[in-house]
$ cat protein24.cif   # mmCIF, C-alpha atoms
data_protein
#
loop_
_atom_site.label_atom_id
_atom_site.label_comp_id
_atom_site.auth_asym_id
_atom_site.auth_seq_id
_atom_site.Cartn_x
_atom_site.Cartn_y
_atom_site.Cartn_z
CA MET A 1 14.28 -30.49 -2.76
CA ASN A 2 17.16 -28.32 -1.47
CA VAL A 3 18.28 -27.59 -5.05
CA MET A 4 14.74 -26.64 -6.06
CA MET A 5 14.39 -24.40 -3.01
CA PHE A 6 17.73 -22.72 -3.81
CA TYR A 7 16.65 -21.84 -7.36
CA PHE A 8 13.23 -20.75 -6.12
CA ILE A 9 14.77 -18.32 -3.60
CA LYS A 10 17.30 -17.17 -6.19
CA ASN A 11 14.52 -16.40 -8.67
CA ILE A 12 12.57 -14.45 -6.03
CA GLY A 13 15.70 -12.40 -5.28
CA LYS A 14 16.19 -11.61 -8.96
CA ARG A 15 12.56 -10.62 -9.37
CA GLU A 16 12.70 -8.29 -6.35
CA TYR A 17 15.90 -6.72 -7.67
CA VAL A 18 14.32 -6.13 -11.10
CA LEU A 19 11.20 -4.62 -9.50
CA ARG A 20 13.34 -2.34 -7.32
CA GLU A 21 15.37 -1.14 -10.32
CA GLN A 22 12.14 -0.57 -12.25
CA ARG A 23 10.74 1.58 -9.43
CA LEU A 24 13.94 3.63 -9.30
CA MET A 25 13.79 4.20 -13.06
CA GLU A 26 10.13 5.20 -12.85
CA LEU A 27 10.93 7.68 -10.08
CA GLU A 28 13.79 9.18 -12.08
CA ALA A 29 11.60 9.43 -15.19
CA ARG A 30 8.85 11.15 -13.17
CA ASN A 31 11.31 13.76 -11.88
CA LYS A 32 12.65 14.40 -15.39
CA LEU A 33 9.13 14.71 -16.80
CA GLN A 34 8.18 17.14 -14.04
CA LEU A 35 11.25 19.26 -14.82
CA TYR A 36 10.49 19.19 -18.57
CA GLU A 37 6.90 20.28 -17.94
CA THR A 38 8.12 23.08 -15.66
CA VAL A 39 10.58 24.39 -18.25
CA SER A 40 7.95 24.11 -21.02
CA ASP A 41 5.44 26.02 -18.91
CA LYS A 42 8.01 28.74 -18.25
CA VAL A 43 8.80 29.12 -21.97
CA GLN A 44 5.09 29.37 -22.77
CA ARG A 45 4.57 31.84 -19.94
CA GLN A 46 7.47 34.00 -21.17
CA ARG A 47 5.84 34.20 -24.60
CA GLN A 48 2.59 35.30 -23.02
CA ILE A 49 4.41 37.86 -20.86
CA SER A 50 6.12 39.38 -23.92
CA HIS A 51 2.72 39.92 -25.51
CA GLU A 52 1.26 41.30 -22.26
CA TYR A 53 4.14 43.78 -21.85
CA LYS A 54 3.29 45.43 -25.17
CA ASN A 55 -0.27 46.01 -23.98
CA GLN A 56 0.92 47.22 -20.56
CA ILE A 57 3.34 49.73 -22.08
CA ALA A 58 0.59 51.04 -24.35
CA CYS A 59 -1.70 51.45 -21.33
CA ILE A 60 1.00 53.28 -19.33
CA GLN A 61 1.72 55.59 -22.23
CA SER A 62 -1.98 56.39 -22.58
CA LEU A 63 -2.33 57.24 -18.86
CA VAL A 64 0.75 59.48 -18.99
CA GLU A 65 -0.53 61.34 -22.04
CA ARG A 66 -3.85 62.00 -20.26
CA SER A 67 -2.03 62.98 -17.01
CA GLU A 68 -4.03 60.40 -15.04
CA TYR A 69 -1.24 59.87 -12.51
CA GLU A 70 -3.37 58.43 -9.72
CA GLU A 71 -4.67 55.70 -12.03
CA LEU A 72 -1.13 55.22 -13.34
CA GLN A 73 0.20 54.62 -9.82
CA LYS A 74 -2.52 52.05 -9.09
CA TYR A 75 -1.83 50.28 -12.36
CA LEU A 76 1.95 50.18 -11.78
CA GLU A 77 1.46 48.70 -8.30
CA GLN A 78 -0.80 46.02 -9.76
CA ILE A 79 1.52 44.91 -12.57
CA ARG A 80 4.59 45.15 -10.31
CA GLY A 81 3.24 42.28 -8.21
CA GLU A 82 2.49 40.24 -11.32
CA VAL A 83 5.96 40.82 -12.78
CA LEU A 84 7.74 39.87 -9.55
CA HIS A 85 5.68 36.67 -9.33
CA ASP A 86 6.64 35.66 -12.86
CA LEU A 87 10.35 36.35 -12.45
CA ASP A 88 12.69 33.58 -11.32
CA GLN A 89 13.77 34.21 -7.74
CA ILE A 90 16.97 32.14 -7.91
CA ASP A 91 19.83 32.44 -10.40
CA THR A 92 22.90 30.20 -10.19
CA ASN A 93 24.12 30.61 -13.79
CA HIS A 94 23.20 26.96 -14.37
CA ALA A 95 20.04 26.25 -16.41
CA ILE A 96 19.14 22.87 -14.85
CA VAL A 97 19.74 23.99 -11.26
CA ASN A 98 17.76 27.18 -11.91
CA ALA A 99 14.85 25.23 -13.37
CA VAL A 100 14.60 22.83 -10.42
CA LEU A 101 15.20 25.38 -7.65
CA ASN A 102 12.76 27.95 -9.03
CA ALA A 103 10.07 25.33 -9.66
CA LYS A 104 10.39 24.00 -6.11
CA TYR A 105 10.61 27.54 -4.69
CA GLN A 106 7.28 28.48 -6.31
CA GLU A 107 5.73 25.19 -5.19
CA ALA A 108 6.86 25.71 -1.59
CA VAL A 109 5.70 29.35 -1.44
CA SER A 110 2.30 28.35 -2.84
CA ARG A 111 1.99 25.97 0.14
CA SER A 112 2.80 28.69 2.71
CA ILE A 113 6.39 27.51 3.26
CA VAL A 114 9.15 30.05 3.86
CA VAL A 115 12.18 29.33 1.66
CA ILE A 116 15.63 30.66 2.50
CA CYS A 117 18.19 29.95 -0.20
CA ARG A 118 21.92 30.52 -0.40
CA VAL A 119 23.52 30.03 -3.83
CA ASN A 120 26.56 31.13 -5.78
CA ASP A 121 27.87 30.82 -9.34
CA LEU A 122 27.36 27.20 -10.49
CA SER A 123 28.30 27.78 -14.14
CA GLY A 124 31.32 25.51 -13.68
CA LEU A 125 29.34 22.62 -12.17
CA SER A 126 30.61 19.38 -13.71
CA MET A 127 27.84 17.08 -12.45
CA ASP A 128 25.68 15.30 -15.04
CA SER A 129 22.30 16.99 -15.65
CA SER A 130 20.35 13.77 -15.05
CA ASP A 131 22.08 13.24 -11.71
CA LEU A 132 21.34 16.84 -10.73
CA VAL A 133 17.63 16.36 -11.35
CA ILE A 134 17.61 13.19 -9.23
CA LEU A 135 19.50 14.83 -6.37
CA LEU A 136 17.74 18.20 -6.22
CA SER A 137 14.19 17.08 -7.06
CA ASN A 138 14.01 14.17 -4.62
CA LEU A 139 15.46 16.06 -1.64
CA LEU A 140 13.31 19.15 -2.24
CA ASN A 141 10.16 17.08 -2.83
CA ASN A 142 10.72 15.34 0.50
CA ALA A 143 11.34 18.65 2.29
CA ILE A 144 8.18 20.26 0.88
CA GLU A 145 5.99 17.27 1.76
CA ALA A 146 7.49 17.06 5.26
CA CYS A 147 6.83 20.77 5.84
CA GLU A 148 3.22 20.43 4.73
CA ARG A 149 2.45 18.06 7.60
CA TYR A 150 4.14 20.30 10.19
CA GLN A 151 1.77 22.35 12.35
CA GLY A 152 4.34 25.01 13.32
CA GLU A 153 6.30 27.48 11.20
CA ARG A 154 7.13 25.85 7.87
CA ILE A 155 10.67 26.64 6.77
CA ILE A 156 13.06 25.19 4.19
CA LYS A 157 16.67 26.36 4.14
CA ILE A 158 18.65 25.49 1.01
CA LYS A 159 22.36 25.79 0.33
CA CYS A 160 23.48 25.19 -3.25
CA ILE A 161 27.05 26.32 -3.82
CA ILE A 162 30.47 25.41 -5.17
CA GLU A 163 33.20 25.93 -2.60
CA ASP A 164 36.79 24.67 -2.56
CA ASP A 165 36.19 22.53 -5.69
CA GLU A 166 33.17 20.84 -4.09
CA PHE A 167 29.49 21.07 -4.94
CA ILE A 168 27.52 21.40 -1.71
CA PHE A 169 23.76 20.90 -1.63
CA SER A 170 22.03 20.88 1.72
CA VAL A 171 18.39 21.07 2.77
CA ARG A 172 17.17 21.85 6.28
CA ASN A 173 13.42 21.74 6.89
CA THR A 174 10.92 21.68 9.72
CA TYR A 175 8.86 18.47 10.09
CA ASP A 176 6.62 16.65 12.57
CA GLY A 177 9.40 14.52 14.06
CA LYS A 178 8.11 11.23 12.65
CA LEU A 179 10.82 9.24 10.89
CA LYS A 180 11.20 5.70 9.62
CA LYS A 181 14.63 4.09 9.36
CA ILE A 182 15.18 2.44 5.96
CA GLY A 183 18.88 1.71 6.23
CA LYS A 184 21.89 2.02 8.49
CA ASN A 185 22.11 5.81 8.14
CA LEU A 186 19.02 6.58 6.06
CA PHE A 187 15.64 7.87 7.18
CA THR A 188 12.36 8.71 5.50
CA ILE A 189 9.08 10.14 6.72
CA LYS A 190 6.47 7.92 8.36
CA LYS A 191 3.43 7.69 6.08
CA LYS A 192 1.57 5.13 4.00
CA GLU A 193 3.38 6.24 0.83
CA SER A 194 6.81 6.17 2.52
CA GLU A 195 7.97 3.40 0.17
CA SER A 196 8.25 5.88 -2.71
CA HIS A 197 10.23 8.22 -0.47
CA GLY A 198 12.49 5.33 0.47
CA PHE A 199 13.19 4.58 -3.17
CA GLY A 200 13.73 8.28 -3.83
CA LEU A 201 16.32 8.56 -1.09
CA LYS A 202 18.04 5.35 -2.17
CA ASN A 203 18.19 6.79 -5.68
CA VAL A 204 19.77 9.93 -4.25
CA ILE A 205 22.38 7.88 -2.37
CA GLN A 206 23.22 5.90 -5.52
CA THR A 207 23.69 9.18 -7.38
CA ILE A 208 25.96 10.54 -4.63
CA GLU A 209 28.07 7.39 -4.65
CA LYS A 210 28.21 7.39 -8.46
CA ASN A 211 29.73 10.88 -8.29
CA ASN A 212 32.23 9.92 -5.54
CA GLY A 213 30.43 12.12 -3.05
CA TYR A 214 29.29 11.74 0.53
CA TYR A 215 26.37 12.86 2.68
CA ALA A 216 25.39 13.52 6.27
CA ILE A 217 21.97 13.40 7.93
CA GLU A 218 20.97 15.04 11.22
CA HIS A 219 17.58 15.47 12.84
CA THR A 220 15.86 16.79 15.93
CA ASP A 221 12.20 16.51 16.91
CA GLU A 222 11.33 19.49 14.69
CA GLU A 223 14.05 19.79 12.07
CA PHE A 224 15.52 17.44 9.46
CA TYR A 225 18.84 18.15 7.76
CA ILE A 226 20.70 16.47 4.91
CA SER A 227 23.93 17.71 3.37
CA VAL A 228 25.50 16.36 0.18
CA VAL A 229 29.04 17.04 -1.02
CA ILE A 230 30.17 16.16 -4.55
CA PRO A 231 33.84 16.71 -5.54
CA GLN A 232 34.17 18.73 -8.75
CA GLU A 233 36.43 18.05 -11.68
CA THR A 234 39.23 20.58 -11.82
CA HIS A 235 40.85 21.66 -15.07
CA HIS A 236 44.34 23.14 -15.01
#
$ encode --input "protein24.cif" --output "structure tokens"
Amino acid sequence: MNVMMFYFIKNIGKREYVLREQRLMELEARNKLQLYETVSDKVQRQRQISHEYKNQIACIQSLVERSEYEELQKYLEQIRGEVLHDLDQIDTNHAIVNAVLNAKYQEAVSRSIVVICRVNDLSGLSMDSSDLVILLSNLLNNAIEACERYQGERIIKIKCIIEDDEFIFSVRNTYDGKLKKIGKNLFTIKKKESESHGFGLKNVIQTIEKNNGYYAIEHTDEEFYISVVIPQETHH
């Protein structure tokens, strides 16, 4: 009976481990698919913009030729807003980082969240692209969703820089103060779907450890902060 119980418990443990790994893989795949769709949409939008610019230039030229300057000014103000909306707001000299940060920036702004971002030149970033998507997407998704439930001023502050041969990515966001502990030093938001957030954060931690990095989490009743540091490969 004891032997049978041992194998029964062992099999349950294996099954739970397999299910957990499957959920982590599904979460990673969902983040990658979301990034791919974002990049594809941007490429398609750029093609449309190129076609629109030709028409806009023709319209401007026509207004100038007819000396209709008042109409010209109104038209320029209108398309200026459209052009600024379509342009990427963040440029780090790294295609993957740009894709994720700009996608999340637009998503946050569309949900009435103020985004403050500090970046520098990340062209020398040695971190694997897949790991970057896991790290950036999960932490920014959590920050955006936490801000959405906050009744006060919604703010996300992002730092994404290389400094002293270390890649530093930190996110500070306002939230409603409700947290659930899912590990010794790990917290997620309190909600019915918090399990997916728990897996997302665990996936982030695995990625940090895989890259020999470390992280710190701080929180008050209104603000949540996580900072990740990944040592960079140096070439001499």
$ resolve_selection --input "protein24.cif" --expression "the PyMOL selection byres ((chain A and resi 113) around 10)" --output "list in words"
Tyr105, Gln106, Glu107, Ala108, Val109, Ser110, Arg111, Ser112, Val114, Val115, Ile116, Ile144, Cys147, Glu148, Glu153, Arg154, Ile155, Ile156, Asn173 and Thr174 of chain A
$ atom_distance --input "protein24.cif" --atom1 "CA of Asn142 (chain A)" --atom2 "CA of Ala99 (chain A)"
17.5 Å
$ residues_around --input "protein24.cif" --residues "Ile208 (chain A)" --least-positions-apart "4" --cutoff "12 Å" --atoms "only C-alpha atoms" --output "PyMOL selection string"
chain A and resi 127-128+131-132+134-136+167-169+201-204+212-216+227-231
$ closest_residue --input "protein24.cif" --among "A:Leu179, A:Val100, A:Leu122, A:Cys160" --to "Asn141 (chain A)" --atoms "all atoms listed in the file"
A:Val100
